[in-house]
Amino acid sequence: MAAGATLITFDKVWKSYGQGEAKVHALAGVDLAIRRGEFVAIMGPSGSGKSTAMNIIGCLDTPTAGTYSFMGIDAGRLDRNRRAMLRNLYVGFVFQGYNLLARTTAAENVELPLIYRGVASRERRDLAMQALAEVGLVGREHHTPAELSGGQQQRVAIARAIVTRPTLLVADEPTGNLDTARTHEIMELLTRLNTELGLTIAMVTHEADVADYAERTIRFLDGHVASDTMKLEMAQ
Amino acid sequence: MIWETVRLSLRSIRRNVLRSFLTLLGIVIGVAAVIAMLTIGSGTTEKVKADISKLGSNLLVVRSGRPAGPGAPGGLDQVVRPLAEKDLAALVAHLTGARAISPASQKQVRVIFGTESLTSGVTGTDSAYLDARDWKLVSGRPFSDSETRSGTGVCLIGETVRQQFFGAGDPEGEIIRVNRTSCKIIGLLEPKGYTGFGQDQDNVVLMPLHAYQRRIAGNRDIDNIYIAADDRTPTSELQPRVEDILRDARRITPERESDFAIRDMTQIADAMASATTTMTGMLGAVAGVSLLVGGIGIMNIMLVSVTERTREIGIRLAIGAHEKHILIQFLVEATVLSLLGGIIGILIGLALAGLASVTLTIPFAPSPAVILLAVGFSALIGMVFGFFPALRGARLDPIDALRHE
C-alpha cells in the first residue's frame, strides 16, 4: 500500500554499552526513516544492532546519543512511564516465543493491554473477541496457551498486539518457532493487517522468504545500515 | 483496577496451591499462636479475678506482724504481738463504713466422724463471718450471739466435709469430733470451689471463736480480722481508718511502725489480674516474633515469585504497564496471601483457645479487638514484607525481563 507521512525517524542514533576500552557501539550513528503504513523487514547477523534498533523503535529502549522520534515525539528522552504509555497507546508487540501468560485463557491474554488502558471489563471482553476473530481464532477464546498449537499461540499474541488498534506493530522473529506452513499463514495474516488496517509493521527476521513478505528490507551490519531496499526497486 | 488486581492475585495464588499454602503456614502459625495466647491469657485473667472475688470482695484482712517491706524479711516480725479481742472490740465500736467485722483463727485439724477422718481447716469465728466473706448457708442456721459468746460446741461445715462423712445425706444435728472435742453440726455452707492456688475452700469447719480458742488453739489469740466495706466505702478509704483505730487500741506511739498488717483483697485481686495480663502480653509478644518470621517467609516467597515471573513482568511492561501497576500487583498479592493466612490463623487460634478453655476450665474470652488487630497486622505484614520484592519487580528493565529464561 502507499506509504503516508513519516512515523519513525532515527537521527544519528548511537547506542553504546560499557565504559572506556570495553565500550561497544551497538548502533553507530544510524539515520533511518519509516513512514506510516510501511511493512519493513529488518535483517542482519547477530550483533549487527538490529535488535537494539528494534527495541528503540518499540520505545522499550532509548539511544545513548542522537534523536529518536516517534510520531513527531522525541521518544528517546521520555521517562519509563511515559514510554510505557506510548507503547500502550501506539505500539503492539509480537515475539518469537509468543510470550503469552501461562494458565491464562486466550481472551484474558488479549485483554491484558486494555487493562492497563483502564478499559471497562465488558468492553474489554468485546474488543478481545473481535481481535481474536480477526486472527481467525473464533472458538478458542477460552483455551490456555498450553492447549493451543504454536501457530495458534502466535495468533493470540498478534490479537493481543492489535486489540489496542496500534499505529505500529513490532515483530521480533514472529515465525522463528514455526514450521513452513504455519510461517506462511502468520505472514499472510501480518500482510493482511498491513494492507487492510494500514498497520505499520517493523519485523526482525533471519529468513529471506519471510522478509520477502515485506515491501522494504533494511540490513544492519556492525551498527550501521548496510542496505535499505524497496521490493519494487528490486523487481525493476 | 484494584478489584481487578485482587482477582488476578487470587488466581495466581490458586495456580500454585502448595507453594501458597507453605507460604501461608508461617503467618497461620504466627497468628494462631498470638490469638490462642491472648485469648487463653484473658480467660486466665478473668478466672483469677473470679477466684479472688470468691475470697470476698471489698475485703480488708488484718493480721499481726509488720507489713511486708524492706527490713522485714519474711514480712513478719520475729516477735509477734497477736491480735486480741480488745482490738476487735475497738473496731466494732469505732469503725464506720464497714458492713461486717469478724475475727478468724484457723488451724489444720483432724476431724472425725464414725470411722472416717479428714484433715480440715477449722476456723474459730463469729456470726458476722459469713457476711464478711459473702458466704451463704445451703441449710441450717448461723451461730447465735449467745453461742458465739459462750463458745458452745456447734459448727458449720463445708461441702467437702459433708461429702466425706455423709455423702449426699443431711448432716444437720450430727456430732463430729474436732481434735479432742465434739461439736454439733448446725448448718451447711454453700460450695465455693477451689481457689486459683488449688486450695479447696469447701474443706472447712467453722465454730464459735471462744470454742476454738479454748478447745483447739489453747490461747486467746485472733489470727485475722476480716472487715467488709459497705457499698458506699471503697476499701482504700477504709484502710487508714482501720489502721488508726488499731494503733490507738494497741497503744502504738506515732514514731513506731504498726505491728499489724492490713491486706486489701481488692488490691491483691488487681495485682494478680495485672500480673496475668503482663504474662499474657509477654506470651503474645513471643508469639508475635513467630509472626515476624512468617512475614520474612512471605518476603522470601514473593522474591522467588518475582524472579520466576520476570518474563511475565517483562510482557506486562512491554504492553504498557507502568511501574505502579506491577508494584500494586505484587503488593496486593502479598497482602492477600498474608491476610488469608491471618484469617486461617485466627480460626485455628480460636479453636485452640476453645480447647484450652475446656481442658483448663477457664472462661473462653475471645476479644474482637485482638482479632481485628490480628487481621490488620497480618495485612500489614504482607504489605511491608511484600514491598521490597514488589519494588524489585516494578523496577525491572522490560528488555532484560523479556530476555529472561
# chains A, B, ... in the order shown; residues from 1 in each chain; ligands from 1
call {"tool": "interface_residues", "arguments": {"of": "chain A", "to": "chain B", "cutoff": "6 Å", "atoms": "only C-alpha atoms", "output": "list in words"}}
result
Asn81, Ala84, Met85, Arg87, Asn88, Pro113 and Tyr116 of chain A
call {"tool": "residues_around", "arguments": {"residues": "region 23-25 of chain A", "least_positions_apart": "6", "cutoff": "9 Å", "atoms": "only C-alpha atoms", "output": "list of chain:residue names"}}
result
A:Trp14, A:Lys15, A:Ser16, A:Tyr17, A:Gly49, A:Asp222, A:Gly223
call {"tool": "select_by_dssp", "arguments": {"residues": "region 1-235 of chain A", "states": "strand (DSSP E or B)", "output": "MDAnalysis selection string"}}
result
chainID A and resid 6:17 24:35 39:43 65:70 73:74 91:94 168:172 200:204 216:221 224:230
call {"tool": "write_last_selection", "arguments": {"atoms": "C-alpha atoms", "output": "compact mmCIF listing (two decimals), in the first residue's frame"}}
result
# COMPACT_ATOMS: atom_id res chain seq x y z
CA THR A 6 6.85 9.79 8.39
CA LEU A 7 6.21 7.76 11.55
CA ILE A 8 9.70 6.98 12.78
CA THR A 9 12.96 8.90 12.44
CA PHE A 10 16.46 7.93 13.56
CA ASP A 11 18.77 10.95 13.51
CA LYS A 12 22.41 9.90 14.09
CA VAL A 13 21.35 7.41 16.73
CA TRP A 14 24.09 5.89 18.86
CA LYS A 15 23.66 3.14 21.40
CA SER A 16 26.73 2.25 23.42
CA TYR A 17 27.35 -0.19 26.25
CA VAL A 24 30.81 -1.31 22.47
CA HIS A 25 28.66 0.55 19.98
CA ALA A 26 25.54 -1.46 19.14
CA LEU A 27 24.37 1.41 16.94
CA ALA A 28 26.92 3.84 15.49
CA GLY A 29 25.15 6.91 14.15
CA VAL A 30 22.15 5.37 12.37
CA ASP A 31 19.90 7.52 10.18
CA LEU A 32 16.59 5.96 9.25
CA ALA A 33 13.01 6.87 8.45
CA ILE A 34 9.90 4.68 8.34
CA ARG A 35 6.58 6.03 7.09
CA PHE A 39 5.90 -3.08 6.12
CA VAL A 40 9.63 -3.20 6.89
CA ALA A 41 11.80 -6.27 7.40
CA ILE A 42 14.95 -5.77 9.42
CA MET A 43 17.75 -8.26 8.83
CA ALA A 65 23.17 9.83 21.60
CA GLY A 66 21.18 11.18 18.67
CA THR A 67 17.43 11.59 18.37
CA TYR A 68 14.72 9.00 18.01
CA SER A 69 11.36 10.49 17.19
CA PHE A 70 8.13 8.55 17.11
CA ILE A 73 7.58 12.92 19.68
CA ASP A 74 11.17 12.85 20.97
CA VAL A 91 2.70 0.02 19.73
CA GLY A 92 1.85 -3.68 19.54
CA PHE A 93 4.46 -6.38 20.18
CA VAL A 94 4.79 -9.87 18.74
CA LEU A 168 2.96 0.33 14.83
CA LEU A 169 3.43 -3.40 15.18
CA VAL A 170 6.89 -4.53 16.30
CA ALA A 171 7.51 -8.17 15.47
CA ASP A 172 10.68 -9.87 16.68
CA THR A 200 2.85 -0.10 10.08
CA ILE A 201 4.95 -3.21 10.70
CA ALA A 202 8.61 -3.43 11.68
CA MET A 203 9.76 -7.05 11.71
CA VAL A 204 13.09 -8.62 12.56
CA ARG A 216 11.16 -2.91 2.26
CA THR A 217 14.21 -4.64 3.74
CA ILE A 218 16.79 -2.91 5.92
CA ARG A 219 20.02 -4.79 6.58
CA PHE A 220 22.15 -3.96 9.59
CA LEU A 221 25.89 -4.67 9.87
CA HIS A 224 25.24 0.66 10.58
CA VAL A 225 22.52 0.36 7.98
CA ALA A 226 24.26 -1.68 5.28
CA SER A 227 21.43 -1.67 2.77
CA ASP A 228 17.88 -0.38 2.52
CA THR A 229 15.95 -1.76 -0.45
CA MET A 230 12.36 -1.48 -1.68
call {"tool": "residues_around", "arguments": {"residues": "Asp264 (chain B)", "least_positions_apart": "3", "cutoff": "7 Å", "atoms": "only C-alpha atoms", "output": "tab-separated table (two decimals) with all heavy atoms, in the first residue's frame"}}
result
chain	number	residue	atom	x	y	z
B	59	LEU	N	-12.84	-6.48	100.69
B	59	LEU	CA	-12.49	-7.07	101.97
B	59	LEU	C	-11.10	-6.62	102.40
B	59	LEU	O	-10.16	-6.59	101.60
B	59	LEU	CB	-12.51	-8.59	101.80
B	59	LEU	CG	-12.49	-9.44	103.05
B	59	LEU	CD1	-13.76	-9.23	103.87
B	59	LEU	CD2	-12.34	-10.92	102.66
B	60	LEU	N	-11.00	-6.22	103.70
B	60	LEU	CA	-9.68	-5.97	104.29
B	60	LEU	C	-9.41	-7.12	105.25
B	60	LEU	O	-10.31	-7.57	105.95
B	60	LEU	CB	-9.66	-4.65	105.06
B	60	LEU	CG	-9.84	-3.35	104.27
B	60	LEU	CD1	-9.83	-2.17	105.25
B	60	LEU	CD2	-8.74	-3.20	103.25
B	61	VAL	N	-8.17	-7.59	105.27
B	61	VAL	CA	-7.81	-8.63	106.22
B	61	VAL	C	-6.67	-8.09	107.08
B	61	VAL	O	-5.63	-7.71	106.57
B	61	VAL	CB	-7.37	-9.92	105.51
B	61	VAL	CG1	-7.02	-10.98	106.53
B	61	VAL	CG2	-8.46	-10.41	104.58
B	235	THR	N	-12.43	0.32	99.81
B	235	THR	CA	-11.50	-0.25	100.78
B	235	THR	C	-10.31	0.66	101.03
B	235	THR	O	-9.76	0.70	102.13
B	235	THR	CB	-10.99	-1.63	100.32
B	235	THR	OG1	-10.55	-1.51	98.97
B	235	THR	CG2	-12.08	-2.67	100.39
B	267	GLN	N	-7.00	-4.88	96.18
B	267	GLN	CA	-5.68	-4.59	95.61
B	267	GLN	C	-4.99	-5.86	95.16
B	267	GLN	O	-4.37	-5.90	94.10
B	267	GLN	CB	-4.80	-3.92	96.68
B	267	GLN	CG	-4.86	-2.42	96.64
B	267	GLN	CD	-4.04	-1.81	97.77
B	267	GLN	OE1	-3.15	-2.46	98.31
B	267	GLN	NE2	-4.37	-0.59	98.12
B	268	ILE	N	-5.12	-6.89	95.99
B	268	ILE	CA	-4.48	-8.16	95.62
B	268	ILE	C	-5.09	-8.69	94.33
B	268	ILE	O	-4.38	-9.14	93.43
B	268	ILE	CB	-4.63	-9.18	96.78
B	268	ILE	CG1	-3.77	-8.70	97.96
B	268	ILE	CG2	-4.22	-10.57	96.32
B	268	ILE	CD1	-3.91	-9.53	99.19
call {"tool": "residues_around", "arguments": {"residues": "Leu156 (chain B)", "least_positions_apart": "4", "cutoff": "6 Å", "atoms": "only C-alpha atoms", "output": "ChimeraX atom specification"}}
result
/B:185-188,205-206
call {"tool": "residues_around", "arguments": {"residues": "region 104-108 of chain A", "least_positions_apart": "4", "cutoff": "6 Å", "atoms": "only C-alpha atoms", "output": "compact mmCIF listing (two decimals) with all heavy atoms, in the first residue's frame"}}
result
# COMPACT_ATOMS: atom_id res chain seq x y z
N ALA A 128 -11.62 -7.96 22.80
CA ALA A 128 -10.76 -9.15 22.74
C ALA A 128 -11.35 -10.17 21.78
O ALA A 128 -10.64 -10.77 20.96
CB ALA A 128 -10.59 -9.75 24.13
N GLU A 141 -11.36 -19.00 22.36
CA GLU A 141 -11.18 -17.89 23.32
C GLU A 141 -10.81 -18.38 24.71
O GLU A 141 -10.09 -17.71 25.44
CB GLU A 141 -12.48 -17.07 23.42
CG GLU A 141 -12.87 -16.34 22.15
CD GLU A 141 -13.73 -17.19 21.22
OE1 GLU A 141 -13.87 -18.41 21.48
OE2 GLU A 141 -14.28 -16.63 20.26
N HIS A 142 -11.34 -19.55 25.08
CA HIS A 142 -11.15 -19.97 26.47
C HIS A 142 -10.08 -21.04 26.64
O HIS A 142 -9.98 -21.67 27.69
CB HIS A 142 -12.48 -20.42 27.06
CG HIS A 142 -13.51 -19.32 26.98
ND1 HIS A 142 -13.37 -18.14 27.68
CD2 HIS A 142 -14.62 -19.20 26.23
CE1 HIS A 142 -14.38 -17.34 27.39
NE2 HIS A 142 -15.16 -17.95 26.51
N HIS A 143 -9.28 -21.23 25.57
CA HIS A 143 -8.17 -22.16 25.68
C HIS A 143 -6.97 -21.45 26.29
O HIS A 143 -6.74 -20.28 26.04
CB HIS A 143 -7.78 -22.70 24.30
CG HIS A 143 -8.79 -23.65 23.73
ND1 HIS A 143 -10.12 -23.35 23.62
CD2 HIS A 143 -8.65 -24.91 23.26
CE1 HIS A 143 -10.76 -24.38 23.10
NE2 HIS A 143 -9.89 -25.34 22.87
N THR A 144 -6.20 -22.20 27.09
CA THR A 144 -4.96 -21.62 27.62
C THR A 144 -3.84 -21.91 26.62
O THR A 144 -3.99 -22.80 25.77
CB THR A 144 -4.61 -22.25 28.98
OG1 THR A 144 -4.42 -23.66 28.79
CG2 THR A 144 -5.70 -22.02 30.00
